[in-house]
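Data from run25.txt: compact mmCIF, C-alpha atoms
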```txt
# COMPACT_ATOMS: atom_id res chain seq x y z
CA MET A 8 0.00 0.00 0.00
CA ILE A 9 2.82 2.38 0.91
CA GLU A 10 4.62 1.62 -2.37
CA LEU A 11 1.42 2.26 -4.29
CA PHE A 12 1.08 5.59 -2.51
CA ALA A 13 4.73 6.42 -3.31
CA GLU A 14 4.14 5.61 -6.97
CA ALA A 15 1.09 7.90 -6.99
CA LEU A 16 3.10 10.73 -5.39
CA TRP A 17 5.86 10.21 -7.95
CA ALA A 18 3.35 10.18 -10.82
CA VAL A 19 2.33 13.77 -9.97
CA ARG A 20 5.30 15.01 -12.02
CA LEU A 21 3.80 13.42 -15.17
CA PRO A 22 1.23 15.21 -17.35
CA CYS A 23 -1.10 12.22 -17.21
CA THR A 24 -2.09 13.14 -13.64
CA LEU A 25 -3.19 16.66 -14.63
CA ALA A 26 -6.56 15.36 -15.81
CA LEU A 27 -7.28 14.26 -12.23
CA LEU A 28 -5.43 16.97 -10.36
CA VAL A 29 -6.55 20.17 -12.12
CA PRO A 30 -10.34 19.65 -11.83
CA GLY A 31 -9.78 19.13 -8.09
CA PHE A 32 -9.11 22.86 -7.78
CA VAL A 33 -12.84 23.51 -8.35
CA PRO A 34 -13.95 21.84 -5.08
CA LEU A 35 -10.77 23.06 -3.38
CA VAL A 36 -11.41 26.74 -4.12
CA GLY A 37 -15.18 26.58 -4.44
CA GLY A 38 -15.56 24.72 -1.15
CA ARG A 39 -14.08 27.64 0.81
CA ARG A 40 -14.36 26.81 4.56
CA HIS A 41 -15.54 23.34 3.61
CA ALA A 42 -12.65 22.69 1.25
CA PRO A 43 -11.40 19.61 3.17
CA LEU A 44 -14.88 18.07 2.90
CA ALA A 45 -15.16 18.96 -0.83
CA VAL A 46 -11.68 17.61 -1.58
CA GLY A 47 -12.33 14.51 0.53
CA PHE A 48 -15.46 13.68 -1.45
CA TYR A 49 -13.68 14.56 -4.69
CA ILE A 50 -11.06 11.90 -3.84
CA LEU A 51 -13.65 9.35 -2.70
CA ALA A 52 -15.76 9.74 -5.85
CA ALA A 53 -12.71 9.69 -8.12
CA ALA A 54 -11.43 6.52 -6.42
CA LEU A 55 -14.83 4.87 -6.74
CA VAL A 56 -15.12 5.62 -10.48
CA PHE A 57 -11.50 4.61 -11.11
CA TRP A 58 -12.20 1.33 -9.31
CA LEU A 59 -15.38 0.80 -11.35
CA ARG A 60 -13.41 1.42 -14.55
CA SER A 61 -10.82 -1.11 -13.45
CA VAL A 62 -13.48 -3.81 -13.11
CA GLY A 63 -15.07 -3.06 -16.46
CA TRP A 64 -17.49 -0.14 -16.02
CA PHE A 65 -17.28 3.29 -17.68
CA ILE A 66 -14.65 2.08 -20.14
CA GLU A 67 -15.94 4.32 -22.94
CA GLN A 68 -14.93 7.88 -22.19
CA PRO A 69 -17.60 10.58 -22.49
CA ALA A 70 -18.06 11.91 -26.01
CA GLY A 71 -20.80 13.68 -27.97
CA TRP A 72 -23.95 14.42 -25.98
CA VAL A 73 -22.60 12.53 -22.94
CA ALA A 74 -19.63 14.91 -22.81
CA PHE A 75 -22.01 17.85 -23.22
CA ALA A 76 -24.17 16.59 -20.35
CA ALA A 77 -21.04 16.03 -18.22
CA GLY A 78 -19.87 19.59 -18.92
CA PHE A 79 -23.32 20.91 -18.02
CA ALA A 80 -23.23 18.96 -14.74
CA VAL A 81 -19.83 20.50 -13.88
CA ALA A 82 -21.21 23.98 -14.60
CA VAL A 83 -24.21 23.32 -12.33
CA ALA A 84 -21.93 21.96 -9.57
CA ALA A 85 -19.67 25.04 -9.78
CA LEU A 86 -22.66 27.40 -9.71
CA VAL A 87 -24.22 25.62 -6.72
CA MET A 88 -20.92 25.82 -4.82
CA TYR A 89 -20.74 29.54 -5.65
CA ARG A 90 -24.33 30.48 -4.83
CA LEU A 91 -25.00 28.14 -1.91
CA PRO A 92 -21.76 27.68 0.00
CA GLY A 93 -22.00 25.05 2.71
CA ARG A 94 -21.50 21.41 3.52
CA PRO A 95 -24.16 19.98 1.17
CA SER A 96 -22.86 21.84 -1.89
CA ALA A 97 -19.23 20.98 -1.01
CA LEU A 98 -20.20 17.32 -0.74
CA ILE A 99 -22.26 17.24 -3.95
CA GLY A 100 -19.87 19.43 -5.98
CA GLY A 101 -16.78 17.52 -4.85
CA SER A 102 -18.37 14.13 -5.56
CA LEU A 103 -19.74 15.08 -8.96
CA ILE A 104 -16.55 16.67 -10.24
CA GLY A 105 -14.42 13.87 -8.77
CA ALA A 106 -16.49 11.20 -10.50
CA LEU A 107 -16.32 12.98 -13.84
CA SER A 108 -12.57 13.61 -13.57
CA ALA A 109 -11.88 9.93 -12.92
CA TRP A 110 -14.03 9.04 -15.92
CA LEU A 111 -11.98 11.33 -18.15
CA TRP A 112 -8.64 10.35 -16.66
CA ILE A 113 -6.27 7.85 -18.24
CA PRO A 114 -3.68 7.07 -15.57
CA CYS A 115 0.01 6.35 -16.00
CA VAL A 116 0.20 2.66 -15.18
CA GLY A 117 3.39 2.04 -13.27
CA THR A 118 4.51 -1.17 -11.58
CA HIS A 119 2.34 -1.04 -8.47
CA LEU A 120 -0.76 0.41 -10.12
CA GLY A 121 -0.31 -2.24 -12.81
CA ARG A 122 -0.23 -4.93 -10.15
CA LEU A 123 -3.42 -3.51 -8.64
CA LEU A 124 -5.21 -3.31 -12.00
CA ASN A 125 -4.17 -6.85 -12.90
CA ARG A 126 -5.66 -8.33 -9.74
CA SER A 127 -8.67 -6.03 -9.39
CA THR A 128 -10.97 -8.29 -11.43
CA ASP A 129 -10.13 -11.26 -9.18
CA GLU A 130 -10.25 -9.30 -5.93
CA VAL A 131 -13.01 -6.84 -6.75
CA TRP A 132 -13.98 -5.67 -3.26
CA THR A 133 -10.64 -5.96 -1.48
CA SER A 134 -8.98 -3.87 -4.20
CA LEU A 135 -11.28 -0.88 -3.60
CA PRO A 136 -9.31 0.75 -0.73
CA PHE A 137 -6.12 0.54 -2.77
CA PHE A 138 -7.68 2.69 -5.47
CA GLY A 139 -8.47 5.20 -2.72
CA VAL A 140 -4.84 5.17 -1.62
CA TYR A 141 -3.62 5.73 -5.19
CA VAL A 142 -6.03 8.60 -5.90
CA ALA A 143 -5.18 10.18 -2.52
CA GLY A 144 -1.50 10.02 -3.48
CA VAL A 145 -2.12 11.73 -6.81
CA CYS A 146 -4.28 14.34 -5.03
CA ALA A 147 -1.94 14.84 -2.06
CA LEU A 148 -1.38 18.47 -3.09
CA LEU A 149 -5.10 19.14 -2.94
CA ILE A 150 -5.25 17.62 0.56
CA VAL A 151 -2.42 19.90 1.70
CA PHE A 152 -3.98 23.02 0.15
CA ALA A 153 -7.39 22.18 1.64
CA SER A 154 -6.17 21.45 5.16
CA LEU A 155 -3.36 23.96 5.60
CA PRO A 156 -5.47 27.13 6.02
CA LEU A 157 -7.57 25.41 8.68
CA ALA A 158 -4.55 23.95 10.46
CA VAL A 159 -2.53 27.17 10.49
CA PRO A 160 -4.50 30.09 12.00
CA LYS A 161 -2.46 32.73 10.12
CA LEU A 162 -3.62 31.29 6.79
CA GLU A 163 -7.30 31.16 7.77
CA PRO A 164 -8.16 34.59 6.27
CA LEU A 165 -7.36 33.07 2.88
CA LEU A 166 -10.57 31.06 3.16
CA GLU A 167 -12.57 34.28 3.62
CA HIS A 168 -10.98 36.16 0.71
CA ASP A 169 -13.56 37.82 -1.54
CA ALA A 170 -11.95 36.56 -4.75
CA LEU A 171 -12.03 32.92 -3.74
CA PRO A 172 -15.65 32.10 -4.73
CA ARG A 173 -15.24 33.84 -8.10
CA VAL A 174 -11.97 31.97 -8.82
CA GLY A 175 -13.67 28.65 -7.99
CA LEU A 176 -16.61 29.52 -10.24
CA GLY A 177 -14.26 30.61 -13.04
CA ILE A 178 -12.25 27.40 -12.95
CA GLY A 179 -15.45 25.34 -12.79
CA LEU A 180 -17.08 27.07 -15.76
CA ALA A 181 -13.87 26.86 -17.82
CA LEU A 182 -13.69 23.13 -17.08
CA ALA A 183 -17.36 22.74 -17.99
CA VAL A 184 -16.89 24.39 -21.39
CA ILE A 185 -13.72 22.38 -22.10
CA VAL A 186 -15.46 19.08 -21.28
CA ALA A 187 -18.77 19.91 -22.99
CA PHE A 188 -17.24 20.97 -26.29
CA GLY A 189 -14.63 18.20 -26.51
CA PHE A 190 -11.48 20.29 -25.93
CA TYR A 191 -10.42 18.31 -22.87
CA GLU A 192 -8.42 15.67 -24.72
CA ASP A 193 -6.80 18.30 -26.97
CA ILE A 194 -5.57 20.28 -23.99
CA VAL A 195 -4.22 17.25 -22.14
CA GLY A 196 -2.57 16.09 -25.41
CA GLN A 197 -0.93 19.49 -25.88
CA LEU A 198 0.41 19.40 -22.31
CA LEU A 199 1.84 15.94 -22.94
CA GLN A 200 3.48 17.09 -26.18
CA TRP A 201 5.14 20.03 -24.40
CA SER A 202 6.32 17.76 -21.63
CA LEU A 203 7.84 15.34 -24.16
CA ARG A 204 9.73 18.22 -25.81
CA ILE A 205 11.11 19.32 -22.44
CA GLN A 206 12.28 15.76 -21.72
CA MET B 9 -8.65 24.70 19.14
CA THR B 10 -11.80 24.15 17.07
CA SER B 11 -12.84 20.71 15.85
CA SER B 12 -12.21 21.68 12.19
CA ARG B 13 -8.65 22.73 13.09
CA ILE B 14 -8.02 19.47 14.92
CA PHE B 15 -9.36 17.60 11.89
CA ALA B 16 -7.16 19.59 9.46
CA VAL B 17 -4.05 19.05 11.60
CA ALA B 18 -4.85 15.33 11.84
CA VAL B 19 -5.28 15.04 8.07
CA LEU B 20 -2.02 16.87 7.40
CA GLY B 21 -0.20 14.79 10.01
CA LEU B 22 -1.50 11.56 8.53
CA LEU B 23 -0.52 12.68 5.04
CA ALA B 24 2.95 13.69 6.21
CA LEU B 25 3.34 10.29 7.89
CA PHE B 26 2.31 8.50 4.69
CA VAL B 27 4.66 10.62 2.58
CA ALA B 28 7.55 10.01 4.99
CA ILE B 29 6.98 6.24 5.05
CA ALA B 30 6.53 6.16 1.26
CA ALA B 31 9.75 8.12 0.73
CA PHE B 32 11.64 5.91 3.19
CA THR B 33 10.27 2.74 1.59
CA SER B 34 11.16 3.95 -1.91
CA LEU B 35 14.67 5.00 -0.97
CA SER B 36 15.51 1.92 1.09
CA SER B 37 14.08 -0.62 -1.35
CA THR B 38 16.12 -1.88 -4.27
CA ASP B 39 12.89 -2.65 -6.17
CA SER B 40 11.52 0.81 -5.51
CA GLY B 41 8.42 0.47 -7.59
CA VAL B 42 8.87 4.10 -8.54
CA SER B 43 9.22 3.78 -12.23
CA THR B 44 11.79 5.78 -14.05
CA GLY B 45 13.59 5.11 -17.27
CA ALA B 46 16.78 4.50 -15.31
CA THR B 47 15.33 1.88 -12.97
CA ALA B 48 13.68 0.10 -15.87
CA SER B 49 17.00 -0.16 -17.65
CA GLU B 50 18.71 -1.34 -14.52
CA GLU B 51 16.06 -4.01 -13.98
CA ALA B 52 16.46 -5.15 -17.57
CA THR B 53 20.20 -5.45 -17.06
CA ALA B 54 19.64 -7.38 -13.86
CA ASP B 55 17.38 -9.74 -15.79
CA ASP B 56 20.18 -10.26 -18.29
CA ASP B 57 22.68 -11.08 -15.57
CA ALA B 58 20.47 -13.62 -13.84
CA PRO B 59 18.38 -15.52 -16.37
CA GLU B 60 15.22 -16.99 -14.92
CA PRO B 61 14.61 -20.70 -15.36
CA ALA B 62 11.59 -21.52 -17.50
CA ALA B 63 8.38 -21.99 -15.52
CA ALA B 64 7.76 -25.61 -14.58
CA VAL B 65 4.00 -25.10 -14.69
CA ALA B 66 2.32 -24.37 -17.99
CA PRO B 67 0.88 -20.84 -18.10
CA PRO B 68 -2.94 -21.02 -18.33
CA VAL B 69 -4.76 -20.62 -21.64
CA LEU B 70 -6.68 -17.37 -21.19
CA ARG B 71 -8.58 -17.11 -24.51
CA PRO B 72 -7.97 -17.27 -28.25
CA ARG B 73 -6.30 -14.15 -29.58
CA PRO B 74 -8.54 -11.72 -31.45
CA GLU B 75 -7.62 -10.56 -34.95
CA LEU B 76 -5.74 -7.31 -35.41
CA THR B 77 -8.37 -5.17 -37.12
CA GLY B 78 -8.31 -1.61 -38.43
CA ILE B 79 -4.55 -1.67 -38.94
CA ASP B 80 -3.61 1.04 -41.43
CA GLY B 81 -0.01 0.10 -41.98
CA TRP B 82 3.06 -1.70 -40.67
CA LEU B 83 6.52 -0.32 -39.91
CA GLN B 84 9.78 -2.28 -40.02
CA SER B 85 7.76 -5.46 -40.56
CA PRO B 86 7.85 -8.44 -42.91
CA TYR B 87 4.29 -9.27 -41.72
CA GLU B 88 0.93 -7.94 -42.82
CA SER B 89 -1.24 -9.91 -40.39
CA LEU B 90 -0.93 -11.98 -37.23
CA ASP B 91 -1.84 -14.98 -39.36
CA ASP B 92 1.72 -14.75 -40.71
CA LEU B 93 2.86 -15.71 -37.20
CA ASP B 94 0.73 -18.82 -36.82
CA GLY B 95 2.69 -21.56 -35.05
CA GLU B 96 5.09 -19.04 -33.48
CA VAL B 97 5.42 -17.60 -29.99
CA TYR B 98 5.01 -13.85 -30.01
CA ILE B 99 4.31 -10.88 -27.78
CA VAL B 100 1.68 -8.29 -28.68
CA GLU B 101 2.21 -4.99 -26.88
CA PHE B 102 -0.28 -2.13 -27.11
CA TRP B 103 1.64 1.11 -26.73
CA THR B 104 1.78 4.72 -27.77
CA PHE B 105 5.00 6.66 -27.97
CA GLY B 106 3.96 9.49 -25.64
CA CYS B 107 3.12 7.05 -22.85
CA PHE B 108 5.73 7.26 -20.11
CA ASN B 109 5.10 3.75 -18.79
CA CYS B 110 5.18 2.23 -22.29
CA ARG B 111 8.72 3.58 -22.60
CA ASN B 112 9.69 1.96 -19.31
CA VAL B 113 8.57 -1.44 -20.58
CA LYS B 114 10.78 -1.22 -23.69
CA PRO B 115 14.15 -2.18 -22.11
CA HIS B 116 12.57 -5.35 -20.74
CA LEU B 117 10.99 -6.29 -24.06
CA ARG B 118 14.26 -5.55 -25.84
CA ALA B 119 16.22 -7.75 -23.42
CA LEU B 120 13.75 -10.59 -24.00
CA TYR B 121 13.83 -10.06 -27.76
CA ASP B 122 17.62 -10.04 -27.87
CA GLU B 123 17.73 -13.24 -25.83
CA HIS B 124 15.05 -15.23 -27.65
CA GLN B 125 14.67 -13.83 -31.14
CA ALA B 126 16.97 -16.56 -32.43
CA ASP B 127 14.73 -19.15 -30.70
CA GLY B 128 11.73 -17.89 -32.67
CA LEU B 129 10.27 -15.17 -30.44
CA GLU B 130 8.66 -12.23 -32.24
CA ILE B 131 7.24 -9.00 -30.83
CA ILE B 132 4.46 -7.00 -32.46
CA GLY B 133 4.13 -3.47 -31.11
CA VAL B 134 0.61 -2.26 -31.83
CA HIS B 135 0.82 1.53 -31.81
CA SER B 136 -2.55 2.87 -30.63
CA PRO B 137 -2.26 6.65 -30.25
CA GLU B 138 -3.96 8.38 -27.35
CA PHE B 139 -3.64 11.91 -28.74
CA ASP B 140 -3.63 13.42 -32.24
CA PHE B 141 0.08 14.23 -32.28
CA GLU B 142 0.84 10.54 -31.73
CA LYS B 143 -0.88 9.64 -35.02
CA ASP B 144 1.90 11.10 -37.16
CA VAL B 145 3.80 8.24 -38.83
CA ASP B 146 7.09 10.19 -39.02
CA ALA B 147 6.85 10.87 -35.28
CA ILE B 148 6.18 7.17 -34.61
CA GLN B 149 9.24 6.20 -36.67
CA GLN B 150 11.37 8.73 -34.82
CA ALA B 151 10.05 7.44 -31.49
CA ALA B 152 10.88 3.87 -32.55
CA ILE B 153 14.48 4.99 -33.13
CA ASP B 154 14.64 6.99 -29.89
CA GLN B 155 13.12 4.19 -27.80
CA ARG B 156 15.10 1.51 -29.69
CA VAL B 157 12.04 -0.40 -30.80
CA ASN B 158 13.52 -2.80 -33.33
CA TRP B 159 10.52 -5.11 -33.73
CA PRO B 160 7.56 -4.83 -36.15
CA ILE B 161 5.02 -2.10 -35.45
CA ALA B 162 1.36 -2.28 -36.50
CA LEU B 163 -0.36 1.10 -36.82
CA ASP B 164 -3.71 1.07 -35.02
CA THR B 165 -4.44 4.74 -35.62
CA ASN B 166 -8.15 4.59 -34.82
CA LYS B 167 -7.60 2.28 -31.83
CA THR B 168 -9.82 -0.40 -33.39
CA SER B 169 -7.61 -3.26 -32.21
CA PHE B 170 -6.90 -1.47 -28.93
CA ARG B 171 -10.65 -1.64 -28.22
CA SER B 172 -11.31 -5.12 -29.59
CA TRP B 173 -8.43 -6.73 -27.70
CA GLN B 174 -9.25 -4.86 -24.49
CA GLU B 175 -13.00 -5.30 -24.22
CA ASP B 176 -12.94 -5.32 -20.43
CA ARG B 177 -10.79 -2.28 -19.62
CA ARG B 178 -8.37 -0.19 -21.63
CA PHE B 179 -4.93 0.91 -20.56
CA TRP B 180 -1.49 1.52 -22.01
CA PRO B 181 0.76 -0.41 -22.03
CA ARG B 182 -0.86 -3.86 -22.19
CA THR B 183 1.22 -6.90 -23.00
CA TYR B 184 0.03 -10.28 -24.24
CA VAL B 185 1.94 -13.49 -25.03
CA ILE B 186 0.45 -15.63 -27.80
CA ASP B 187 1.32 -19.32 -28.04
CA GLN B 188 1.83 -21.57 -31.07
CA ASN B 189 -1.93 -22.31 -31.19
CA GLY B 190 -2.90 -18.64 -31.27
CA ASP B 191 -4.07 -18.58 -27.62
CA ILE B 192 -3.30 -15.81 -25.15
CA ARG B 193 -1.13 -17.21 -22.33
CA TYR B 194 -0.13 -13.97 -20.57
CA ASP B 195 -2.00 -10.68 -20.14
CA HIS B 196 -0.54 -7.79 -18.18
CA ILE B 197 -1.54 -4.14 -17.75
CA GLY B 198 1.14 -1.53 -17.08
CA GLU B 199 4.75 -1.90 -16.12
CA GLY B 200 6.11 -4.85 -14.15
CA GLY B 201 5.46 -8.59 -14.33
CA TYR B 202 8.70 -9.04 -16.27
CA ASP B 203 9.73 -12.29 -14.58
CA GLU B 204 6.37 -13.87 -15.37
CA LEU B 205 6.55 -12.56 -18.95
CA GLY B 206 10.01 -14.09 -19.41
CA GLU B 207 8.97 -17.38 -17.80
CA THR B 208 5.89 -17.62 -20.05
CA VAL B 209 7.91 -17.00 -23.20
CA GLU B 210 10.62 -19.47 -22.15
CA TYR B 211 8.08 -22.14 -21.24
CA LEU B 212 6.33 -21.85 -24.60
CA LEU B 213 9.57 -21.81 -26.57
CA GLU B 214 10.91 -24.86 -24.73
CA ASN B 215 7.75 -26.94 -24.28
CA GLY B 216 5.38 -25.76 -26.99
CA ALA B 217 1.77 -24.78 -26.40
```
Would you encode the structure as structure tokens?
Amino acid sequence: MIELFAEALWAVRLPCTLALLVPGFVPLVGGRRHAPLAVGFYILAAALVFWLRSVGWFIEQPAGWVAFAAGFAVAVAALVMYRLPGRPSALIGGSLIGALSAWLWIPCVGTHLGRLLNRSTDEVWTSLPFFGVYVAGVCALLIVFASLPLAVPKLEPLLEHDALPRVGLGIGLALAVIVAFGFYEDIVGQLLQWSLRIQ
Amino acid sequence: MTSSRIFAVAVLGLLALFVAIAAFTSLSSTDSGVSTGATASEEATADDDAPEPAAAVAPPVLRPRPELTGIDGWLQSPYESLDDLDGEVYIVEFWTFGCFNCRNVKPHLRALYDEHQADGLEIIGVHSPEFDFEKDVDAIQQAAIDQRVNWPIALDTNKTSFRSWQEDRRFWPRTYVIDQNGDIRYDHIGEGGYDELGETVEYLLENGA
């Protein structure tokens, strides 16, 4: 489990994790005081969908009207988090965006994740927590950003900053448009191409 | 201290503990599991130094191999279909050149190919691009040179074979071993499983299907 977590942490430097990491900033910023709850449910939902994909569900990625509906759902989640801040919207927004992100995400399959994926069809239920560990490792930055302002009193005013809700809404709506109109794969592909040139 | 602050501190503490243990485990372990090009090469070299004995137990027959469909070309290949390899032992690897983990698998495949090509082993790399820039044939050829892929490459530009071979779940890289009867005897997602891959190939080459 620890090695799987280490592999997930290490994978954060690769562009393939961006598709899971970047959408997590919507619940992180949009959740405001409830950011840890929003990020927690983002991770739980993402892990659940990733696990379902590993056992044969959601293998076709959203395209066409499904992608449009998914983008619309992200826009609604971002608007709800903006207009009705609180625990319920943090929970619903985090879960919805987490589930969608995991559906769109194609992970980098290293040694330990490979081992998990290869045995997940034989050990369906016992493999579930390991997917949670992997997704938590990839999203470790989000956990830090969500918890730090609450843990350190000096950083707490950040959670009350006026710009925060608008930034969360902006990121959410941008993500919604990108998903709905099929630009998501193009953007991730461009990031990968740049990263290959740097290497 | 409020309950939310206690919770946040606890979460951060737990995360820090996990990170510390993960870092310690990775640094102290020779088989780190943290995949880099360097470690993959080193593992391949280690495999060369200590050849594994062929598996005593026959690897299970998983299913008959599907056809390669939707292939729009072959690179560095004398073959035009998998039917040309009937009666042979071969590896089919689904890869795309931008995939980091696919690159890490290459040194291991190359070591196996170098060791057993003379015994009849063949490798077919099925290039199934994830993104548009990976569909460019010149870029694939350049990547084959850069990644030292010296085995035949089938171009699966529209991912038709990628989907038909991986009906259950779809990931890159995915490696199969096909026996002399055209049955799949090894199926592995991602990096790793190199010992089992080598043992399967050696068993089939030595004992037949």
Listed atoms of stretch 183-202 of chain B boxed axis-aligned with 8 Å per side, centre + edges as AutoDock Vina command-line options:
```
--center_x 2.3 --center_y -11.9 --center_z -22.7 --size_x 28.8 --size_y 36.8 --size_z 33.1
```
query = stretch 153-155 of chain B: which residues within 8 Å, counting only C-alpha atoms, same-chain residues fewer than 3 positions away excluded, as a list in words?
reply =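 That gives Arg111, Lys114, Gln149, Gln150 and Asn158 of chain B.
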ask   = Neighbours of stretch 123-131 of chain B within 9 Å (all atoms listed in the file; same-chain residues fewer than 5 positions away dropped), as JSON, numbers by chain?
value = {"B": [56, 93, 96, 97, 98, 99, 100, 101, 117, 118, 159, 160, 161, 209, 210, 213]}
query = Got a sec: who's within 10 Å of stretch 91-99 of chain A, counting all atoms listed in the file, leaving out chain neighbours fewer than 3 positions off, as an MDAnalysis selection string?
reply = chainID A and resid 34:35 37:49 84:88 102:105 172
query = So which residues touch A:Trp201 within 12 Å, counting all atoms listed in the file, skipping near sequence neighbours fewer than 6 positions away, as a ChimeraX atom specification?
reply = /A:21-22,194-195 /B:106,141
task = Could you please tell me, as JSON, numbers by chain, which residues of chain A have an atom within 9 Å of chain B when using only C-alpha atoms?
result = {"A": [9, 10, 11, 12, 13, 14, 15, 16, 17, 18, 21, 23, 43, 60, 61, 62, 63, 64, 65, 66, 67, 113, 114, 115, 116, 117, 118, 119, 120, 121, 122, 124, 125, 144, 147, 150, 151, 153, 154, 155, 156, 157, 158, 159, 160, 192, 193, 195, 196, 197, 199, 200, 203]}
Pull C-alpha atoms from the residues just selected and write them as a tab-separated table (two decimals), in the coordinates of the input.
```
chain	number	residue	atom	x	y	z
A	9	ILE	CA	2.82	2.38	0.91
A	10	GLU	CA	4.62	1.62	-2.37
A	11	LEU	CA	1.42	2.26	-4.29
A	12	PHE	CA	1.08	5.59	-2.51
A	13	ALA	CA	4.73	6.42	-3.31
A	14	GLU	CA	4.14	5.61	-6.97
A	15	ALA	CA	1.09	7.90	-6.99
A	16	LEU	CA	3.10	10.73	-5.39
A	17	TRP	CA	5.86	10.21	-7.95
A	18	ALA	CA	3.35	10.18	-10.82
A	21	LEU	CA	3.80	13.42	-15.17
A	23	CYS	CA	-1.10	12.22	-17.21
A	43	PRO	CA	-11.40	19.61	3.17
A	60	ARG	CA	-13.41	1.42	-14.55
A	61	SER	CA	-10.82	-1.11	-13.45
A	62	VAL	CA	-13.48	-3.81	-13.11
A	63	GLY	CA	-15.07	-3.06	-16.46
A	64	TRP	CA	-17.49	-0.14	-16.02
A	65	PHE	CA	-17.28	3.29	-17.68
A	66	ILE	CA	-14.65	2.08	-20.14
A	67	GLU	CA	-15.94	4.32	-22.94
A	113	ILE	CA	-6.27	7.85	-18.24
A	114	PRO	CA	-3.68	7.07	-15.57
A	115	CYS	CA	0.01	6.35	-16.00
A	116	VAL	CA	0.20	2.66	-15.18
A	117	GLY	CA	3.39	2.04	-13.27
A	118	THR	CA	4.51	-1.17	-11.58
A	119	HIS	CA	2.34	-1.04	-8.47
A	120	LEU	CA	-0.76	0.41	-10.12
A	121	GLY	CA	-0.31	-2.24	-12.81
A	122	ARG	CA	-0.23	-4.93	-10.15
A	124	LEU	CA	-5.21	-3.31	-12.00
A	125	ASN	CA	-4.17	-6.85	-12.90
A	144	GLY	CA	-1.50	10.02	-3.48
A	147	ALA	CA	-1.94	14.84	-2.06
A	150	ILE	CA	-5.25	17.62	0.56
A	151	VAL	CA	-2.42	19.90	1.70
A	153	ALA	CA	-7.39	22.18	1.64
A	154	SER	CA	-6.17	21.45	5.16
A	155	LEU	CA	-3.36	23.96	5.60
A	156	PRO	CA	-5.47	27.13	6.02
A	157	LEU	CA	-7.57	25.41	8.68
A	158	ALA	CA	-4.55	23.95	10.46
A	159	VAL	CA	-2.53	27.17	10.49
A	160	PRO	CA	-4.50	30.09	12.00
A	192	GLU	CA	-8.42	15.67	-24.72
A	193	ASP	CA	-6.80	18.30	-26.97
A	195	VAL	CA	-4.22	17.25	-22.14
A	196	GLY	CA	-2.57	16.09	-25.41
A	197	GLN	CA	-0.93	19.49	-25.88
A	199	LEU	CA	1.84	15.94	-22.94
A	200	GLN	CA	3.48	17.09	-26.18
A	203	LEU	CA	7.84	15.34	-24.16
```
